[in-house]
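Pasted below: coords_39.pdb, PDB, C-alpha atoms and all ligand atoms.
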```
ATOM      1  CA  MET A  56       0.000   0.000   0.000
ATOM      2  CA  THR A  57       1.313   3.471  -0.884
ATOM      3  CA  LYS A  58       2.065   5.615   2.135
ATOM      4  CA  LEU A  59       2.001   9.394   2.182
ATOM      5  CA  TYR A  60       3.006  11.587   5.080
ATOM      6  CA  CYS A  61       0.818  14.555   5.790
ATOM      7  CA  ALA A  62       1.948  17.778   7.457
ATOM      8  CA  THR A  63      -1.024  19.429   9.111
ATOM      9  CA  GLY A  64      -1.894  20.608  12.585
ATOM     10  CA  ASN A  65      -5.580  20.784  11.686
ATOM     11  CA  ALA A  66      -7.531  17.742  12.906
ATOM     12  CA  GLY A  67     -10.466  18.606  10.615
ATOM     13  CA  LYS A  68      -8.259  18.494   7.541
ATOM     14  CA  LEU A  69      -6.575  15.246   8.563
ATOM     15  CA  ARG A  70      -9.986  13.609   9.012
ATOM     16  CA  GLU A  71     -10.942  14.678   5.485
ATOM     17  CA  PHE A  72      -7.658  13.497   3.937
ATOM     18  CA  ARG A  73      -8.046  10.065   5.531
ATOM     19  CA  MET A  74     -11.595   9.765   4.246
ATOM     20  CA  ALA A  75     -10.327   9.975   0.664
ATOM     21  CA  ALA A  76      -7.381   7.687   1.244
ATOM     22  CA  GLU A  77      -9.541   4.820   2.557
ATOM     23  CA  SER A  78     -11.151   4.189  -0.803
ATOM     24  CA  ALA A  79      -7.916   4.747  -2.750
ATOM     25  CA  GLN A  80      -5.897   2.115  -0.882
ATOM     26  CA  VAL A  81      -3.415   4.749   0.245
ATOM     27  CA  GLU A  82      -2.262   5.156   3.805
ATOM     28  CA  ILE A  83      -2.065   8.732   5.026
ATOM     29  CA  GLU A  84       0.008   9.156   8.152
ATOM     30  CA  LEU A  85       0.462  12.341  10.127
ATOM     31  CA  LEU A  86       4.179  13.162  10.002
ATOM     32  CA  PRO A  87       5.639  11.629  13.188
ATOM     33  CA  GLY A  88       6.617  14.347  15.662
ATOM     34  CA  PHE A  89       4.776  17.010  13.620
ATOM     35  CA  LYS A  90       3.680  18.960  16.706
ATOM     36  CA  GLN A  91       7.227  19.176  18.056
ATOM     37  CA  LEU A  92       8.697  20.589  14.838
ATOM     38  CA  PRO A  93       9.002  24.342  14.343
ATOM     39  CA  ALA A  94       6.062  25.655  12.326
ATOM     40  CA  ALA A  95       6.535  26.496   8.660
ATOM     41  CA  LEU A  96       6.496  30.147   7.687
ATOM     42  CA  GLU A  97       3.304  30.787   5.700
ATOM     43  CA  ASP A  98       4.186  34.121   4.143
ATOM     44  CA  GLY A  99       3.415  33.305   0.519
ATOM     45  CA  ALA A 100       1.065  35.435  -1.565
ATOM     46  CA  THR A 101      -0.888  32.458  -2.897
ATOM     47  CA  PHE A 102      -2.274  29.154  -1.618
ATOM     48  CA  GLU A 103       0.071  27.311  -3.971
ATOM     49  CA  GLU A 104       3.142  29.149  -2.690
ATOM     50  CA  ASN A 105       2.217  28.442   0.928
ATOM     51  CA  ALA A 106       1.441  24.784   0.276
ATOM     52  CA  ILE A 107       4.876  24.339  -1.340
ATOM     53  CA  LYS A 108       6.609  26.208   1.494
ATOM     54  CA  LYS A 109       4.892  24.045   4.108
ATOM     55  CA  ALA A 110       5.604  20.770   2.320
ATOM     56  CA  LEU A 111       9.290  21.555   1.692
ATOM     57  CA  HIS A 112       9.701  22.716   5.292
ATOM     58  CA  TYR A 113       8.540  19.363   6.687
ATOM     59  CA  ALA A 114       9.815  17.027   3.935
ATOM     60  CA  PRO A 115      13.273  16.427   5.483
ATOM     61  CA  HIS A 116      11.508  14.726   8.409
ATOM     62  CA  ALA A 117       9.561  12.279   6.226
ATOM     63  CA  ALA A 118      10.806   8.892   5.059
ATOM     64  CA  GLY A 119       9.103   9.203   1.669
ATOM     65  CA  LYS A 120       6.551  11.413  -0.041
ATOM     66  CA  LEU A 121       4.846  14.112   1.995
ATOM     67  CA  PHE A 122       2.054  16.552   1.242
ATOM     68  CA  ALA A 123       0.783  19.749   2.792
ATOM     69  CA  ASP A 124      -2.222  21.827   1.896
ATOM     70  CA  ASP A 125      -3.006  25.483   2.098
ATOM     71  CA  SER A 126      -6.591  26.517   1.821
ATOM     72  CA  GLY A 127      -8.958  29.298   2.652
ATOM     73  CA  LEU A 128     -12.018  31.316   1.865
ATOM     74  CA  GLU A 129     -12.215  34.044  -0.780
ATOM     75  CA  VAL A 130     -15.154  36.403  -0.357
ATOM     76  CA  ALA A 131     -16.125  38.484  -3.411
ATOM     77  CA  ALA A 132     -17.434  41.513  -1.489
ATOM     78  CA  LEU A 133     -14.154  41.647   0.459
ATOM     79  CA  GLY A 134     -11.982  41.624  -2.657
ATOM     80  CA  GLY A 135     -10.969  37.981  -2.098
ATOM     81  CA  ALA A 136     -10.216  38.333   1.639
ATOM     82  CA  PRO A 137      -9.548  36.579   3.953
ATOM     83  CA  GLY A 138      -7.778  34.410   1.319
ATOM     84  CA  VAL A 139      -4.362  33.211   2.497
ATOM     85  CA  TYR A 140      -5.090  34.866   5.867
ATOM     86  CA  SER A 141      -8.223  32.747   6.487
ATOM     87  CA  ALA A 142      -6.839  30.952   9.550
ATOM     88  CA  ARG A 143      -5.629  34.202  11.160
ATOM     89  CA  PHE A 144      -8.426  36.500   9.946
ATOM     90  CA  SER A 145      -9.286  37.821  13.423
ATOM     91  CA  GLY A 146      -5.699  37.933  14.687
ATOM     92  CA  PRO A 147      -2.683  35.743  15.495
ATOM     93  CA  HIS A 148      -4.604  33.687  18.110
ATOM     94  CA  ALA A 149      -7.786  33.484  16.066
ATOM     95  CA  THR A 150     -10.422  30.835  16.731
ATOM     96  CA  ASP A 151     -12.999  29.579  14.224
ATOM     97  CA  ASP A 152     -15.732  31.383  16.188
ATOM     98  CA  ALA A 153     -13.882  34.702  16.218
ATOM     99  CA  ASN A 154     -13.138  34.407  12.491
ATOM    100  CA  ASN A 155     -16.778  33.683  11.729
ATOM    101  CA  ARG A 156     -17.979  36.624  13.821
ATOM    102  CA  LEU A 157     -15.557  38.972  12.077
ATOM    103  CA  LEU A 158     -16.661  37.715   8.666
ATOM    104  CA  LEU A 159     -20.315  38.392   9.526
ATOM    105  CA  LYS A 160     -19.413  41.848  10.810
ATOM    106  CA  LYS A 161     -17.548  42.737   7.624
ATOM    107  CA  LEU A 162     -20.394  41.444   5.462
ATOM    108  CA  HIS A 163     -23.124  43.161   7.461
ATOM    109  CA  GLY A 164     -25.561  44.676   4.956
ATOM    110  CA  ALA A 165     -23.614  43.381   1.937
ATOM    111  CA  ALA A 166     -25.880  42.174  -0.879
ATOM    112  CA  ASN A 167     -23.139  40.202  -2.621
ATOM    113  CA  ARG A 168     -22.599  37.060  -0.513
ATOM    114  CA  LYS A 169     -20.575  35.103  -3.089
ATOM    115  CA  ALA A 170     -17.596  33.178  -1.744
ATOM    116  CA  ARG A 171     -15.388  30.297  -2.682
ATOM    117  CA  PHE A 172     -13.211  27.828  -0.818
ATOM    118  CA  VAL A 173      -9.859  27.232  -2.482
ATOM    119  CA  CYS A 174      -7.259  24.534  -1.803
ATOM    120  CA  ALA A 175      -3.753  23.804  -3.051
ATOM    121  CA  ILE A 176      -1.958  20.602  -2.093
ATOM    122  CA  ALA A 177       1.787  20.278  -2.663
ATOM    123  CA  LEU A 178       3.206  16.769  -2.913
ATOM    124  CA  VAL A 179       6.972  16.663  -2.384
ATOM    125  CA  GLU A 180       9.745  14.152  -1.963
ATOM    126  CA  GLY A 181      12.879  15.476  -0.269
ATOM    127  CA  GLU A 182      13.652  18.780  -1.975
ATOM    128  CA  ARG A 183      11.632  17.947  -5.083
ATOM    129  CA  VAL A 184       8.147  19.290  -5.711
ATOM    130  CA  VAL A 185       6.396  16.347  -7.357
ATOM    131  CA  GLU A 186       3.172  18.227  -8.239
ATOM    132  CA  VAL A 187       0.663  20.752  -6.927
ATOM    133  CA  PHE A 188      -3.052  19.908  -7.012
ATOM    134  CA  HIS A 189      -5.928  22.394  -6.877
ATOM    135  CA  GLY A 190      -9.589  22.508  -5.956
ATOM    136  CA  ALA A 191     -12.266  25.200  -5.560
ATOM    137  CA  VAL A 192     -15.950  25.264  -4.668
ATOM    138  CA  ASP A 193     -18.400  28.174  -4.940
ATOM    139  CA  GLY A 194     -21.036  29.120  -2.398
ATOM    140  CA  MET A 195     -22.599  31.973  -0.428
ATOM    141  CA  ILE A 196     -21.992  33.366   3.033
ATOM    142  CA  LEU A 197     -25.167  33.290   5.145
ATOM    143  CA  ASP A 198     -25.886  35.928   7.769
ATOM    144  CA  GLU A 199     -25.853  33.415  10.615
ATOM    145  CA  PRO A 200     -24.176  30.053  11.198
ATOM    146  CA  ARG A 201     -26.033  26.798  10.518
ATOM    147  CA  GLY A 202     -24.877  23.345  11.591
ATOM    148  CA  SER A 203     -22.012  22.179  13.736
ATOM    149  CA  GLY A 204     -20.180  19.804  11.402
ATOM    150  CA  GLY A 205     -16.848  20.428   9.703
ATOM    151  CA  PHE A 206     -14.606  23.226  10.917
ATOM    152  CA  GLY A 207     -13.590  26.807  10.180
ATOM    153  CA  TYR A 208     -16.100  28.748   8.067
ATOM    154  CA  ASP A 209     -18.231  25.657   7.274
ATOM    155  CA  PRO A 210     -21.339  26.774   9.258
ATOM    156  CA  LEU A 211     -21.497  30.038   7.264
ATOM    157  CA  PHE A 212     -20.781  28.540   3.845
ATOM    158  CA  TYR A 213     -24.002  27.732   2.004
ATOM    159  CA  CYS A 214     -23.510  25.225  -0.777
ATOM    160  CA  PRO A 215     -26.258  25.590  -3.444
ATOM    161  CA  ALA A 216     -25.736  22.017  -4.706
ATOM    162  CA  PHE A 217     -26.585  20.642  -1.241
ATOM    163  CA  GLY A 218     -29.172  23.261  -0.242
ATOM    164  CA  CYS A 219     -27.450  23.579   3.136
ATOM    165  CA  THR A 220     -24.184  24.762   4.669
ATOM    166  CA  PHE A 221     -21.018  22.672   4.817
ATOM    167  CA  GLY A 222     -21.620  22.700   8.586
ATOM    168  CA  GLU A 223     -24.956  20.933   8.072
ATOM    169  CA  ALA A 224     -23.666  18.460   5.464
ATOM    170  CA  THR A 225     -22.193  15.104   6.478
ATOM    171  CA  GLY A 226     -18.413  14.766   6.261
ATOM    172  CA  GLU A 227     -18.735  12.465   3.247
ATOM    173  CA  GLN A 228     -21.123  14.872   1.492
ATOM    174  CA  LYS A 229     -18.832  17.850   2.010
ATOM    175  CA  PHE A 230     -15.780  15.917   0.852
ATOM    176  CA  SER A 231     -17.536  14.736  -2.328
ATOM    177  CA  LEU A 232     -17.646  18.329  -3.534
ATOM    178  CA  SER A 233     -15.219  20.384  -1.486
ATOM    179  CA  HIS A 234     -12.085  22.204  -2.597
ATOM    180  CA  ARG A 235      -9.985  19.834  -0.476
ATOM    181  CA  GLY A 236     -11.827  16.753  -1.751
ATOM    182  CA  GLN A 237     -11.123  17.780  -5.360
ATOM    183  CA  ALA A 238      -7.425  18.409  -4.709
ATOM    184  CA  VAL A 239      -6.894  15.198  -2.706
ATOM    185  CA  ARG A 240      -8.680  13.054  -5.273
ATOM    186  CA  ALA A 241      -6.457  14.572  -7.998
ATOM    187  CA  MET A 242      -3.365  13.786  -5.908
ATOM    188  CA  LEU A 243      -4.428  10.195  -5.210
ATOM    189  CA  ALA A 244      -5.261   9.619  -8.882
ATOM    190  CA  SER A 245      -1.758  10.763  -9.840
ATOM    191  CA  LEU A 246       0.043   8.171  -7.709
TER
HETATM  192  P1  LIG B   1      -4.407  26.848   6.576
HETATM  193  O1  LIG B   1      -4.190  25.830   7.646
HETATM  194  O2  LIG B   1      -3.418  27.948   6.555
HETATM  195  O3  LIG B   1      -4.591  26.215   5.234
HETATM  196  O4  LIG B   1      -5.758  27.580   6.974
HETATM  197  C1  LIG B   1      -6.931  27.321   6.357
HETATM  198  C2  LIG B   1      -8.045  28.103   7.034
HETATM  199  O5  LIG B   1      -9.020  28.378   6.029
HETATM  200  C3  LIG B   1      -8.739  27.281   8.111
HETATM  201  O6  LIG B   1      -8.241  27.535   9.395
HETATM  202  C4  LIG B   1     -10.184  27.735   7.955
HETATM  203  O7  LIG B   1     -10.380  28.925   8.645
HETATM  204  C5  LIG B   1     -10.291  28.021   6.467
HETATM  205  N1  LIG B   1     -10.706  26.804   5.731
HETATM  206  C6  LIG B   1      -9.988  26.086   4.848
HETATM  207  N2  LIG B   1     -10.666  25.014   4.406
HETATM  208  C7  LIG B   1     -11.844  25.054   5.044
HETATM  209  C8  LIG B   1     -12.982  24.192   5.012
HETATM  210  O8  LIG B   1     -13.040  23.151   4.356
HETATM  211  N3  LIG B   1     -14.004  24.560   5.787
HETATM  212  C9  LIG B   1     -14.004  25.687   6.557
HETATM  213  N4  LIG B   1     -12.968  26.515   6.645
HETATM  214  C10 LIG B   1     -11.880  26.196   5.882
END
```

Kindly transcribe the structure held in the file into structure tokens.
Ligand code: IMP
Amino acid sequence: MTKLYCATGNAGKLREFRMAAESAQVEIELLPGFKQLPAALEDGATFEENAIKKALHYAPHAAGKLFADDSGLEVAALGGAPGVYSARFSGPHATDDANNRLLLKKLHGAANRKARFVCAIALVEGERVVEVFHGAVDGMILDEPRGSGGFGYDPLFYCPAFGCTFGEATGEQKFSLSHRGQAVRAMLASL
């Protein structure tokens, strides 16, 4: 069975990655000692740049191929923000709740609620970037959260194809359509 190491501190993401791997006969293992390693600097201007930076930062600690993702929410009425700053939207010690509250505050009264989740996954081996995979999904930001599933901005992200938010969808449902699901499936198909 092919084994890939994953560099993420986000339990929600790891859960989603493993969901895809199960059916693809690939084992996804959190990089051993990940939490003890110094964090990667995420100062890139794009999701792709940050995903590559993260993956190359952790690759020397992996005995084989490793991947890292960078993802976030782009909101049309905010000119694409929070974008690469999605995790830290409300400050350096941001929580999902605080980020969601700030998003609602900034969108208060806005008629244009269009948003999209974007994901880039960089697969690397040692110092070599094997490939970068992409995914994106369009939706709308509601004016109050709905559902408690998923993580991050999921309870505010209304997915027209489901008729509910990602927070109300099951994990499998979300992953069948999500930005991360698209990118992971592309990566697994490339192996
Ligand atoms: P990253 O760890 O730098 O990639 O941060 C991604 C951030 O974007 C997360 O902390 C969330 O705030 C947001 N985000 C990315 N993907 C999702 C998703 O699938 N659902 C909800 N929020 C997401």

Item to check | Protein and nucleic residues near ligand LIG 1 (chain B), 9 Å, all atoms listed in the file, as an MDAnalysis selection string | outcome: chainID A and resid 63:65 67:68 71 97 102 105:106 123:128 137:144 149:151 154:155 172:175 205:212 221:222 229:230 233:236

Could you list the residues chosen by the PyMOL selection byres (((chain A and resi 88) around 12) and not hetatm) in this structure as a PDB file with C-alpha atoms, in the frame of the given file?
```
ATOM      1  CA  TYR A  60       3.006  11.587   5.080  1.00  0.00           C
ATOM      2  CA  CYS A  61       0.818  14.555   5.790  1.00  0.00           C
ATOM      3  CA  ALA A  62       1.948  17.778   7.457  1.00  0.00           C
ATOM      4  CA  THR A  63      -1.024  19.429   9.111  1.00  0.00           C
ATOM      5  CA  GLY A  64      -1.894  20.608  12.585  1.00  0.00           C
ATOM      6  CA  GLU A  84       0.008   9.156   8.152  1.00  0.00           C
ATOM      7  CA  LEU A  85       0.462  12.341  10.127  1.00  0.00           C
ATOM      8  CA  LEU A  86       4.179  13.162  10.002  1.00  0.00           C
ATOM      9  CA  PRO A  87       5.639  11.629  13.188  1.00  0.00           C
ATOM     10  CA  PHE A  89       4.776  17.010  13.620  1.00  0.00           C
ATOM     11  CA  LYS A  90       3.680  18.960  16.706  1.00  0.00           C
ATOM     12  CA  GLN A  91       7.227  19.176  18.056  1.00  0.00           C
ATOM     13  CA  LEU A  92       8.697  20.589  14.838  1.00  0.00           C
ATOM     14  CA  PRO A  93       9.002  24.342  14.343  1.00  0.00           C
ATOM     15  CA  ALA A  94       6.062  25.655  12.326  1.00  0.00           C
ATOM     16  CA  TYR A 113       8.540  19.363   6.687  1.00  0.00           C
ATOM     17  CA  HIS A 116      11.508  14.726   8.409  1.00  0.00           C
ATOM     18  CA  ALA A 117       9.561  12.279   6.226  1.00  0.00           C
TER      19      ALA A 117
END
```

Item to check | Reference answer for the PyMOL selection byres (((chain A and resi 164-168) around 12) and not hetatm), as a VMD selection string | outcome: chain A and resid 129 to 135 158 to 163 169 to 171 193 to 198 211 to 214

Checklist entry - What does the distance between CA of Lys108 in chain A and CA of Ala95 in chain A come to in Å, to one decimal place? => result 7.2 Å

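Our summary of the geometry notes that CA of Phe188 in chain A is positioned 21.6 Å from CA of Ala136 in chain A.
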
Item to check | Selection result for the PyMOL selection byres (((chain A and resi 187) around 9) and not hetatm) on this file, as a VMD selection string | outcome: chain A and resid 103 106 to 107 175 to 179 184 to 186 188 to 189 238 242

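Restricting the calculation to only C-alpha atoms, the smallest distance between Gln237 in chain A and any of A:Phe122, A:His112, A:Ala191, A:Ala224 is found for A:Ala191.
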
Checklist outcome for this item: Of A:Val192, A:Ala118, A:Ile83, A:Ala244, the one nearest to Leu69 in chain A when counting only C-alpha atoms is A:Ile83

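CA of Asp98 in chain A lies 21.8 Å from CA of Leu157 in chain A.
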
For range 213-221 of chain A, I'd like the enclosing box, axis-aligned and padded by 3 Å on every side, reported as AutoDock Vina command-line options with centre and edge lengths in Å to one decimal.
```
--center_x -25.1 --center_y 24.2 --center_z 0.1 --size_x 14.2 --size_y 13.1 --size_z 15.5
```

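Neighbourhood of point (-21.8, 33.3, 13.6): residues with an atom at most 6 Å away, counting all atoms listed in the file, are Asn155, Arg156, Glu199 and Pro200 of chain A.
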
Next on the checklist: Give me the residues near Glu180 in chain A as a PyMOL selection string, where near means some atom within 9 Å (using all atoms listed in the file) and where sequence neighbours in that chain fewer than 6 positions away do not count.
Outcome noted: chain A and resi 110-111+114-115+117-122
